[in-house]
Amino acid sequence: MPYSQRPATRHQRDAAQRAAGSRIACDLFCAVIDNFGDIGVCWRLARQLAHEHGWEVRLFVDDLHAFRKLCPALDPEQVTQTVEGVVIEHWHEPEHAGEMLKIADVVIEAFACELPGVYVSAMAQRERTPVWLNLEYLSAEDWVADFHLRPSPHPRYPLVKHFFFPGLGPGTGGVLKERDLDAARAAFERSADARAAWWQSTTGGPPPGANATVISLFAYENPAVDALLEQWRDSPTPIVLLVPQGRISGALARFFGVASFDAHARAERGSLRAHGLAFTEQRGYDALLWVSDLNFVRGEDSFVRAQWAARPFVWQIYPQADDAHLPKLDAALEHYARTLDKASRDALARFWHAWNGNGAAAAADSRESASGQRPDASPHVPPHAPDWRDFAQHLPVFKARAQAWANELAQAGDLGGNLAEFAKTQLK
Ligand code: TRH
């Protein structure tokens, strides 16, 4: 009988129970604003704290239907359920704090969602004051390191909240990365069988030939996509486009002249072949990044996963009022493109900006002719649209940089580990 299947001795059972008694309890509150990033980050963090740090995690989520898209095991009708060792509570009204008011050792409010008032007042009365963290949105801007872990005393209660800032550089909270992620990617990349099985189950066919460029496209609605689809159609080499069903699907349907472009759709025009993909369970999304030569990503969590995939990517940042997102886009470029030669760096910045609807500014920053058009810009590409030829000629450089950047990013440490470490220092 394998060792792991032998019945536990009483001594082992006692040890396990003692260990269970000392587990850190953590409540994580997540309000879904829109899309999948809020719950995507929280679900990933919750699992990591439970699986890698042995914490007893309760995850409060106000939208179980959004959650179910990336966690199909979830039953949206259940008020309380346990999935993968995490207790999930449907946070069905702002004052709801679970069926039983029990306050955890560590309380995390994600993205400044407001905790139930009864919960906060019970936190203040708890014999051992809980560690209270506000997990912020990711930004690559420099100020983040200064504000990371700043305390903020509560105006009425003897409680202190700390701001936990994810970031791309040292001194920040880092970004989420599971301990086994690199090994899982390496195993997938080594196994031709695993990749062939992925292509078969996802597209119904074998992997494309080596001369094709495989591109995944996870994006919000984006007027720049039309010009890009046309350039891919006219590309001298084959382009295979993989499109998870969602907000960009309508543009694909219009381009191919079909009613919809959802899961299992397939269409071809010129050099471009496109497949519509079903939205997968969250772990499945990584494999899509690993089979692609270039990944278009968006928001926060897919942006991070693309970096760990160590492949070139294009980021569609979550748009904010008054273009407040543009300095964040530039800050990320500053980190990511830091070591690139000027021509590659400029091409990357031009393409990212054009993809984010800011092509005019990107063009103004680089060398322009009197006509406002770069002299080396591809003919037939509308001014300020993403210029595929201009970008694609640097892909080998971007590929090398992607691997180096993943190593650099790892220096900031994994967010889950950083958060657990900090919480433990506060619990002492
Ligand atoms: O969905 P996003 O755009 O999310 C957000 C939200 O808009 C949020 O309000 C905003 O503040 C934040 O971005 C910055 O993009 P994101 O963050 O990449 O989240 C997508 C999640 O969906 C991510 O965890 C990966 C997952 N996913 C799957 O699980 N399966 C899939 O097939 C795909 C394509 C994605």
# chains A, B, ... in the order shown; residues from 1 in each chain; ligands from 1

call {"tool": "closest_atom_pairs", "arguments": {"of": "chain A", "to": "ligand 1", "cutoff": "9 Å", "atoms": "only C-alpha atoms and all ligand atoms", "output": "tab-separated table"}}
result
residue	atom	partner	partner_atom_place_in_ligand_line	distance
A:Val32	CA	ligand 1	9 (O)	6.9
A:Ile33	CA	ligand 1	9 (O)	4.9
A:Asp34	CA	ligand 1	9 (O)	4.6
A:Asn35	CA	ligand 1	1 (O)	4.1
A:Phe36	CA	ligand 1	1 (O)	3.6
A:Gly37	CA	ligand 1	4 (O)	3.0
A:Asp38	CA	ligand 1	8 (C)	5.2
A:Ile39	CA	ligand 1	24 (O)	7.2
A:Gly40	CA	ligand 1	24 (O)	3.6
A:Val41	CA	ligand 1	24 (O)	6.0
A:Cys42	CA	ligand 1	24 (O)	8.8
A:Trp43	CA	ligand 1	24 (O)	8.2
A:Arg44	CA	ligand 1	24 (O)	7.6
A:Lys69	CA	ligand 1	29 (O)	7.0
A:Leu70	CA	ligand 1	29 (O)	4.1
A:Cys71	CA	ligand 1	29 (O)	7.4
A:Phe111	CA	ligand 1	11 (O)	8.2
A:Tyr137	CA	ligand 1	14 (C)	6.8
A:Leu138	CA	ligand 1	14 (C)	7.6
A:Leu217	CA	ligand 1	34 (C)	8.4
A:Phe218	CA	ligand 1	34 (C)	5.8
A:Ala219	CA	ligand 1	3 (O)	7.6
A:Tyr220	CA	ligand 1	3 (O)	7.2
A:Val243	CA	ligand 1	34 (C)	8.1
A:Pro244	CA	ligand 1	34 (C)	5.1
A:Gln245	CA	ligand 1	34 (C)	7.5
A:Gly246	CA	ligand 1	34 (C)	8.1
A:Leu277	CA	ligand 1	32 (O)	7.5
A:Ala278	CA	ligand 1	32 (O)	6.4
A:Phe279	CA	ligand 1	32 (O)	3.5
A:Thr280	CA	ligand 1	32 (O)	3.9
A:Glu281	CA	ligand 1	29 (O)	4.9
A:Gln282	CA	ligand 1	29 (O)	3.1
A:Arg283	CA	ligand 1	29 (O)	6.5
A:Gly284	CA	ligand 1	30 (N)	6.5
A:Tyr285	CA	ligand 1	30 (N)	4.8
A:Asp286	CA	ligand 1	25 (C)	8.2
A:Leu288	CA	ligand 1	32 (O)	8.3
A:Val297	CA	ligand 1	18 (O)	6.5
A:Arg298	CA	ligand 1	18 (O)	5.0
A:Gly299	CA	ligand 1	13 (O)	3.5
A:Glu300	CA	ligand 1	17 (O)	3.5
A:Asp301	CA	ligand 1	17 (O)	3.8
A:Ser302	CA	ligand 1	18 (O)	3.5
A:Phe303	CA	ligand 1	18 (O)	5.8
A:Val304	CA	ligand 1	18 (O)	7.8
A:Arg305	CA	ligand 1	25 (C)	7.9
A:Gln316	CA	ligand 1	3 (O)	8.8
A:Ile317	CA	ligand 1	14 (C)	7.4
A:Tyr318	CA	ligand 1	14 (C)	5.5
A:Pro319	CA	ligand 1	14 (C)	8.9

call {"tool": "write_last_selection", "arguments": {"atoms": "C-alpha atoms", "output": "compact mmCIF listing (two decimals), in the first residue's frame"}}
result
# COMPACT_ATOMS: atom_id res chain seq x y z
CA VAL A 32 -17.31 42.13 -8.80
CA ILE A 33 -17.32 45.50 -10.56
CA ASP A 34 -17.35 44.12 -14.09
CA ASN A 35 -15.74 41.46 -16.27
CA PHE A 36 -13.57 38.81 -14.62
CA GLY A 37 -10.51 40.55 -13.19
CA ASP A 38 -11.81 41.20 -9.66
CA ILE A 39 -12.89 37.63 -9.10
CA GLY A 40 -10.00 36.30 -11.19
CA VAL A 41 -7.45 37.85 -8.84
CA CYS A 42 -9.37 36.97 -5.66
CA TRP A 43 -9.96 33.33 -6.61
CA ARG A 44 -6.31 32.89 -7.49
CA LYS A 69 -17.43 31.31 -15.66
CA LEU A 70 -13.87 30.73 -14.46
CA CYS A 71 -14.78 28.15 -11.82
CA PHE A 111 -10.00 46.65 -4.42
CA TYR A 137 -5.27 47.19 -8.18
CA LEU A 138 -1.98 46.53 -9.92
CA LEU A 217 -6.84 37.62 -28.61
CA PHE A 218 -8.49 38.37 -25.25
CA ALA A 219 -9.73 41.93 -25.51
CA TYR A 220 -12.45 44.47 -24.88
CA VAL A 243 -10.30 34.19 -29.68
CA PRO A 244 -11.96 33.37 -26.36
CA GLN A 245 -15.63 34.26 -26.73
CA GLY A 246 -16.42 37.64 -25.25
CA LEU A 277 -12.85 29.44 -28.07
CA ALA A 278 -15.09 28.60 -25.14
CA PHE A 279 -14.25 30.53 -21.96
CA THR A 280 -12.27 28.01 -19.91
CA GLU A 281 -11.81 27.24 -16.26
CA GLN A 282 -9.19 29.68 -14.97
CA ARG A 283 -6.22 27.29 -15.05
CA GLY A 284 -7.06 26.41 -18.67
CA TYR A 285 -6.37 29.98 -19.75
CA ASP A 286 -2.63 29.54 -19.13
CA LEU A 288 -3.83 29.22 -24.35
CA VAL A 297 -4.37 40.41 -22.94
CA ARG A 298 -6.37 42.93 -20.95
CA GLY A 299 -7.28 44.16 -17.46
CA GLU A 300 -5.08 42.81 -14.68
CA ASP A 301 -4.92 39.06 -14.23
CA SER A 302 -4.47 38.03 -17.89
CA PHE A 303 -1.83 40.80 -18.14
CA VAL A 304 0.08 39.10 -15.33
CA ARG A 305 -0.36 35.60 -16.73
CA GLN A 316 -5.18 46.44 -23.51
CA ILE A 317 -5.35 48.29 -20.24
CA TYR A 318 -8.70 48.79 -18.47
CA PRO A 319 -9.80 52.22 -19.71

call {"tool": "residues_around", "arguments": {"residues": "Gln403 in chain A", "least_positions_apart": "5", "cutoff": "12 Å", "atoms": "only C-alpha atoms", "output": "VMD selection string"}}
result
chain A and resid 182 306 to 313 336 396 to 398 408 to 410

call {"tool": "write_last_selection", "arguments": {"atoms": "N, CA, C and O atoms", "output": "PDB file, in the first residue's frame"}}
result
ATOM      1  N   ASP A 182       5.838  27.637 -13.142  1.00  0.00           N
ATOM      2  CA  ASP A 182       6.914  27.473 -14.128  1.00  0.00           C
ATOM      3  C   ASP A 182       7.079  26.004 -14.518  1.00  0.00           C
ATOM      4  O   ASP A 182       7.295  25.683 -15.687  1.00  0.00           O
ATOM      5  N   ALA A 306       0.249  36.632 -18.844  1.00  0.00           N
ATOM      6  CA  ALA A 306       1.020  36.738 -20.088  1.00  0.00           C
ATOM      7  C   ALA A 306       2.496  36.945 -19.774  1.00  0.00           C
ATOM      8  O   ALA A 306       3.373  36.460 -20.495  1.00  0.00           O
ATOM      9  N   GLN A 307       2.773  37.651 -18.683  1.00  0.00           N
ATOM     10  CA  GLN A 307       4.176  37.886 -18.323  1.00  0.00           C
ATOM     11  C   GLN A 307       4.820  36.598 -17.841  1.00  0.00           C
ATOM     12  O   GLN A 307       5.955  36.285 -18.187  1.00  0.00           O
ATOM     13  N   TRP A 308       4.071  35.802 -17.063  1.00  0.00           N
ATOM     14  CA  TRP A 308       4.628  34.516 -16.608  1.00  0.00           C
ATOM     15  C   TRP A 308       4.732  33.517 -17.747  1.00  0.00           C
ATOM     16  O   TRP A 308       5.532  32.576 -17.684  1.00  0.00           O
ATOM     17  N   ALA A 309       3.919  33.703 -18.805  1.00  0.00           N
ATOM     18  CA  ALA A 309       4.005  32.800 -19.960  1.00  0.00           C
ATOM     19  C   ALA A 309       5.309  33.023 -20.719  1.00  0.00           C
ATOM     20  O   ALA A 309       5.707  32.207 -21.541  1.00  0.00           O
ATOM     21  N   ALA A 310       5.964  34.145 -20.438  1.00  0.00           N
ATOM     22  CA  ALA A 310       7.281  34.447 -21.023  1.00  0.00           C
ATOM     23  C   ALA A 310       7.226  34.475 -22.545  1.00  0.00           C
ATOM     24  O   ALA A 310       8.134  33.972 -23.212  1.00  0.00           O
ATOM     25  N   ARG A 311       6.155  35.022 -23.058  1.00  0.00           N
ATOM     26  CA  ARG A 311       6.004  35.212 -24.510  1.00  0.00           C
ATOM     27  C   ARG A 311       5.612  36.663 -24.762  1.00  0.00           C
ATOM     28  O   ARG A 311       5.023  37.306 -23.884  1.00  0.00           O
ATOM     29  N   PRO A 312       5.893  37.160 -25.966  1.00  0.00           N
ATOM     30  CA  PRO A 312       5.519  38.537 -26.264  1.00  0.00           C
ATOM     31  C   PRO A 312       4.012  38.754 -26.066  1.00  0.00           C
ATOM     32  O   PRO A 312       3.223  37.829 -26.315  1.00  0.00           O
ATOM     33  N   PHE A 313       3.651  39.932 -25.618  1.00  0.00           N
ATOM     34  CA  PHE A 313       2.224  40.206 -25.419  1.00  0.00           C
ATOM     35  C   PHE A 313       1.919  41.675 -25.699  1.00  0.00           C
ATOM     36  O   PHE A 313       2.815  42.520 -25.738  1.00  0.00           O
ATOM     37  N   TYR A 336       8.912  46.936 -18.730  1.00  0.00           N
ATOM     38  CA  TYR A 336       9.002  45.791 -19.635  1.00  0.00           C
ATOM     39  C   TYR A 336      10.016  46.023 -20.755  1.00  0.00           C
ATOM     40  O   TYR A 336      10.751  45.125 -21.147  1.00  0.00           O
ATOM     41  N   PRO A 396      11.240  38.484 -32.637  1.00  0.00           N
ATOM     42  CA  PRO A 396      12.319  37.701 -31.998  1.00  0.00           C
ATOM     43  C   PRO A 396      12.943  38.443 -30.810  1.00  0.00           C
ATOM     44  O   PRO A 396      13.285  37.827 -29.791  1.00  0.00           O
ATOM     45  N   VAL A 397      13.075  39.766 -30.942  1.00  0.00           N
ATOM     46  CA  VAL A 397      13.629  40.558 -29.826  1.00  0.00           C
ATOM     47  C   VAL A 397      12.646  40.535 -28.651  1.00  0.00           C
ATOM     48  O   VAL A 397      13.034  40.359 -27.484  1.00  0.00           O
ATOM     49  N   PHE A 398      11.362  40.687 -28.942  1.00  0.00           N
ATOM     50  CA  PHE A 398      10.361  40.684 -27.867  1.00  0.00           C
ATOM     51  C   PHE A 398      10.325  39.322 -27.168  1.00  0.00           C
ATOM     52  O   PHE A 398      10.101  39.234 -25.965  1.00  0.00           O
ATOM     53  N   GLU A 408      13.093  38.762 -14.230  1.00  0.00           N
ATOM     54  CA  GLU A 408      13.201  40.021 -13.467  1.00  0.00           C
ATOM     55  C   GLU A 408      11.989  40.211 -12.564  1.00  0.00           C
ATOM     56  O   GLU A 408      12.111  40.594 -11.399  1.00  0.00           O
ATOM     57  N   LEU A 409      10.817  39.940 -13.127  1.00  0.00           N
ATOM     58  CA  LEU A 409       9.568  40.144 -12.380  1.00  0.00           C
ATOM     59  C   LEU A 409       9.527  39.248 -11.144  1.00  0.00           C
ATOM     60  O   LEU A 409       9.012  39.639 -10.095  1.00  0.00           O
ATOM     61  N   ALA A 410      10.102  38.064 -11.276  1.00  0.00           N
ATOM     62  CA  ALA A 410      10.099  37.132 -10.150  1.00  0.00           C
ATOM     63  C   ALA A 410      10.861  37.701  -8.950  1.00  0.00           C
ATOM     64  O   ALA A 410      10.632  37.299  -7.806  1.00  0.00           O
TER      65      ALA A 410
END

call {"tool": "select_by_dssp", "arguments": {"residues": "range 120-211 of chain A", "states": "alpha helix (DSSP H)", "output": "PyMOL selection string"}}
result
chain A and resi 120-125+143-147+181-190+192-203

call {"tool": "write_last_selection", "arguments": {"atoms": "C-alpha atoms", "output": "mmCIF file, in the first residue's frame"}}
result
data_model
loop_
_atom_site.group_PDB
_atom_site.id
_atom_site.type_symbol
_atom_site.label_atom_id
_atom_site.label_comp_id
_atom_site.auth_asym_id
_atom_site.auth_seq_id
_atom_site.Cartn_x
_atom_site.Cartn_y
_atom_site.Cartn_z
ATOM 1 C CA VAL A 120 -15.960 45.859 11.091
ATOM 2 C CA SER A 121 -17.438 46.548 14.519
ATOM 3 C CA ALA A 122 -16.962 42.878 15.439
ATOM 4 C CA MET A 123 -13.343 43.126 14.247
ATOM 5 C CA ALA A 124 -12.828 45.924 16.751
ATOM 6 C CA GLN A 125 -14.204 43.755 19.570
ATOM 7 C CA TRP A 143 4.690 55.786 -6.391
ATOM 8 C CA VAL A 144 3.351 52.302 -5.649
ATOM 9 C CA ALA A 145 6.477 51.227 -3.747
ATOM 10 C CA ASP A 146 6.131 54.291 -1.451
ATOM 11 C CA PHE A 147 2.519 53.555 -0.604
ATOM 12 C CA LEU A 181 3.508 27.549 -12.427
ATOM 13 C CA ASP A 182 6.914 27.473 -14.128
ATOM 14 C CA ALA A 183 7.105 23.681 -13.818
ATOM 15 C CA ALA A 184 3.619 23.295 -15.310
ATOM 16 C CA ARG A 185 4.538 25.531 -18.234
ATOM 17 C CA ALA A 186 7.844 23.750 -18.827
ATOM 18 C CA ALA A 187 6.083 20.349 -18.809
ATOM 19 C CA PHE A 188 3.502 21.590 -21.314
ATOM 20 C CA GLU A 189 6.146 23.103 -23.566
ATOM 21 C CA ARG A 190 8.217 19.891 -23.455
ATOM 22 C CA ALA A 192 4.322 17.522 -27.978
ATOM 23 C CA ASP A 193 1.497 15.165 -26.957
ATOM 24 C CA ALA A 194 0.059 17.628 -24.456
ATOM 25 C CA ARG A 195 0.145 20.404 -27.048
ATOM 26 C CA ALA A 196 -1.397 18.219 -29.752
ATOM 27 C CA ALA A 197 -4.143 17.192 -27.312
ATOM 28 C CA TRP A 198 -4.767 20.857 -26.520
ATOM 29 C CA TRP A 199 -5.156 21.759 -30.213
ATOM 30 C CA GLN A 200 -7.379 18.766 -30.847
ATOM 31 C CA SER A 201 -9.741 19.484 -27.963
ATOM 32 C CA THR A 202 -9.766 23.260 -28.491
ATOM 33 C CA THR A 203 -9.911 23.590 -32.277
#

call {"tool": "select_by_dssp", "arguments": {"residues": "range 21-217 of chain A", "states": "strand (DSSP E or B)", "output": "NGL selection string"}}
result
:A and (25-30 or 56-61 or 80-83 or 86-90 or 106-110 or 131-135 or 151-153 or 160-164 or 175 or 213-217)

call {"tool": "residues_around", "arguments": {"residues": "Asn356 in chain A", "least_positions_apart": "3", "cutoff": "10 Å", "atoms": "only C-alpha atoms", "output": "PyMOL selection string"}}
result
chain A and resi 222-224+314-319+325-326+329+350-353+359+385-386

call {"tool": "atom_distance", "arguments": {"atom1": "CA of Ala31 in chain A", "atom2": "CA of Trp91 in chain A"}}
result
8.4 Å

call {"tool": "closest_residue", "arguments": {"among": "A:Val240, A:Ala25, A:Ala400, A:Leu45", "to": "Ile103 in chain A", "atoms": "only C-alpha atoms"}}
result
A:Ala25

call {"tool": "closest_residue", "arguments": {"among": "A:Pro153, A:Gly270, A:Pro130, A:Pro208", "to": "Trp232 in chain A", "atoms": "only C-alpha atoms"}}
result
A:Gly270

call {"tool": "residues_around", "arguments": {"residues": "Pro327 in chain A", "least_positions_apart": "2", "cutoff": "12 Å", "atoms": "only C-alpha atoms", "output": "ChimeraX atom specification"}}
result
/A:139-143,317,319-320,322-325,329-334,353,358

call {"tool": "write_last_selection", "arguments": {"atoms": "N, CA and C atoms", "output": "compact mmCIF listing (two decimals), in the first residue's frame"}}
result
# COMPACT_ATOMS: atom_id res chain seq x y z
N SER A 139 -0.55 48.41 -10.36
CA SER A 139 -0.03 49.50 -11.19
C SER A 139 1.48 49.41 -11.19
N ALA A 140 2.08 49.72 -12.34
CA ALA A 140 3.54 49.67 -12.45
C ALA A 140 4.17 51.02 -12.11
N GLU A 141 3.36 51.98 -11.70
CA GLU A 141 3.89 53.32 -11.45
C GLU A 141 4.83 53.35 -10.23
N ASP A 142 5.76 54.30 -10.26
CA ASP A 142 6.80 54.36 -9.23
C ASP A 142 6.26 54.62 -7.82
N TRP A 143 5.18 55.42 -7.72
CA TRP A 143 4.69 55.79 -6.39
C TRP A 143 4.21 54.58 -5.59
N ILE A 317 -5.15 47.92 -21.63
CA ILE A 317 -5.35 48.29 -20.24
C ILE A 317 -6.82 48.65 -20.03
N PRO A 319 -9.74 50.78 -19.49
CA PRO A 319 -9.80 52.22 -19.71
C PRO A 319 -10.45 52.97 -18.54
N GLN A 320 -9.88 54.11 -18.20
CA GLN A 320 -10.42 54.91 -17.09
C GLN A 320 -10.78 56.30 -17.61
N ASP A 322 -10.86 60.25 -18.18
CA ASP A 322 -9.78 61.24 -18.37
C ASP A 322 -8.44 60.59 -18.72
N ASP A 323 -8.48 59.46 -19.36
CA ASP A 323 -7.25 58.79 -19.78
C ASP A 323 -6.29 58.51 -18.62
N ALA A 324 -6.86 58.33 -17.43
CA ALA A 324 -6.00 58.08 -16.26
C ALA A 324 -5.21 56.79 -16.41
N HIS A 325 -5.63 55.93 -17.36
CA HIS A 325 -4.93 54.66 -17.53
C HIS A 325 -3.63 54.82 -18.34
N LEU A 329 -0.10 52.63 -18.46
CA LEU A 329 0.38 51.88 -19.62
C LEU A 329 1.87 52.20 -19.85
N ASP A 330 2.20 53.49 -19.77
CA ASP A 330 3.59 53.91 -19.98
C ASP A 330 4.50 53.37 -18.88
N ALA A 331 3.98 53.33 -17.65
CA ALA A 331 4.80 52.81 -16.54
C ALA A 331 5.12 51.34 -16.77
N ALA A 332 4.13 50.58 -17.26
CA ALA A 332 4.38 49.16 -17.53
C ALA A 332 5.40 49.01 -18.66
N LEU A 333 5.26 49.85 -19.69
CA LEU A 333 6.21 49.80 -20.81
C LEU A 333 7.62 50.12 -20.33
N GLU A 334 7.69 51.06 -19.40
CA GLU A 334 9.02 51.45 -18.91
C GLU A 334 9.74 50.25 -18.27
N HIS A 353 0.26 51.52 -27.73
CA HIS A 353 -0.56 52.74 -27.68
C HIS A 353 -1.65 52.71 -28.74
N ASN A 358 -4.57 55.16 -28.58
CA ASN A 358 -3.76 56.36 -28.38
C ASN A 358 -2.65 56.44 -29.42

call {"tool": "atom_distance", "arguments": {"atom1": "CA of Pro207 in chain A", "atom2": "CA of Pro236 in chain A"}}
result
19.4 Å

call {"tool": "closest_residue", "arguments": {"among": "A:Thr82, A:Gln231, A:Thr213, A:Gln48", "to": "Val381 in chain A", "atoms": "only C-alpha atoms"}}
result
A:Gln231

call {"tool": "atom_distance", "arguments": {"atom1": "CA of Glu56 in chain A", "atom2": "CA of Ala423 in chain A"}}
result
13.9 Å

call {"tool": "residues_around", "arguments": {"residues": "Glu95 in chain A", "least_positions_apart": "2", "cutoff": "8 Å", "atoms": "only C-alpha atoms", "output": "list in words"}}
result
Glu93, Ala97, Leu115, Pro116, Gly117 and Val118 of chain A

call {"tool": "write_last_selection", "arguments": {"atoms": "all heavy atoms", "output": "PDB file, in the first residue's frame"}}
result
ATOM      1  N   GLU A  93     -25.797  40.560   0.183  1.00  0.00           N
ATOM      2  CA  GLU A  93     -26.181  41.958   0.418  1.00  0.00           C
ATOM      3  C   GLU A  93     -25.043  42.622   1.179  1.00  0.00           C
ATOM      4  O   GLU A  93     -24.271  41.931   1.857  1.00  0.00           O
ATOM      5  CB  GLU A  93     -27.497  42.057   1.206  1.00  0.00           C
ATOM      6  CG  GLU A  93     -27.514  41.213   2.449  1.00  0.00           C
ATOM      7  CD  GLU A  93     -28.831  41.336   3.199  1.00  0.00           C
ATOM      8  OE1 GLU A  93     -28.940  42.272   4.006  1.00  0.00           O
ATOM      9  OE2 GLU A  93     -29.707  40.495   2.953  1.00  0.00           O
ATOM     10  N   ALA A  97     -22.493  39.028   6.307  1.00  0.00           N
ATOM     11  CA  ALA A  97     -21.118  38.689   6.701  1.00  0.00           C
ATOM     12  C   ALA A  97     -21.015  37.202   6.976  1.00  0.00           C
ATOM     13  O   ALA A  97     -20.311  36.768   7.891  1.00  0.00           O
ATOM     14  CB  ALA A  97     -20.719  39.510   7.919  1.00  0.00           C
ATOM     15  N   LEU A 115     -16.379  46.649   3.583  1.00  0.00           N
ATOM     16  CA  LEU A 115     -16.744  45.511   4.432  1.00  0.00           C
ATOM     17  C   LEU A 115     -18.086  45.790   5.104  1.00  0.00           C
ATOM     18  O   LEU A 115     -18.419  46.948   5.370  1.00  0.00           O
ATOM     19  CB  LEU A 115     -15.689  45.307   5.525  1.00  0.00           C
ATOM     20  CG  LEU A 115     -14.273  44.939   5.082  1.00  0.00           C
ATOM     21  CD1 LEU A 115     -13.399  44.688   6.320  1.00  0.00           C
ATOM     22  CD2 LEU A 115     -14.286  43.704   4.201  1.00  0.00           C
ATOM     23  N   PRO A 116     -18.842  44.736   5.437  1.00  0.00           N
ATOM     24  CA  PRO A 116     -20.102  44.944   6.167  1.00  0.00           C
ATOM     25  C   PRO A 116     -19.823  45.659   7.497  1.00  0.00           C
ATOM     26  O   PRO A 116     -18.861  45.319   8.202  1.00  0.00           O
ATOM     27  CB  PRO A 116     -20.593  43.511   6.425  1.00  0.00           C
ATOM     28  CG  PRO A 116     -19.857  42.645   5.451  1.00  0.00           C
ATOM     29  CD  PRO A 116     -18.555  43.333   5.151  1.00  0.00           C
ATOM     30  N   GLY A 117     -20.689  46.639   7.830  1.00  0.00           N
ATOM     31  CA  GLY A 117     -20.487  47.410   9.079  1.00  0.00           C
ATOM     32  C   GLY A 117     -20.432  46.511  10.296  1.00  0.00           C
ATOM     33  O   GLY A 117     -19.601  46.700  11.191  1.00  0.00           O
ATOM     34  N   VAL A 118     -21.318  45.502  10.353  1.00  0.00           N
ATOM     35  CA  VAL A 118     -21.333  44.609  11.528  1.00  0.00           C
ATOM     36  C   VAL A 118     -20.006  43.856  11.645  1.00  0.00           C
ATOM     37  O   VAL A 118     -19.535  43.585  12.750  1.00  0.00           O
ATOM     38  CB  VAL A 118     -22.473  43.559  11.462  1.00  0.00           C
ATOM     39  CG1 VAL A 118     -23.811  44.178  11.730  1.00  0.00           C
ATOM     40  CG2 VAL A 118     -22.466  42.790  10.156  1.00  0.00           C
TER      41      VAL A 118
END
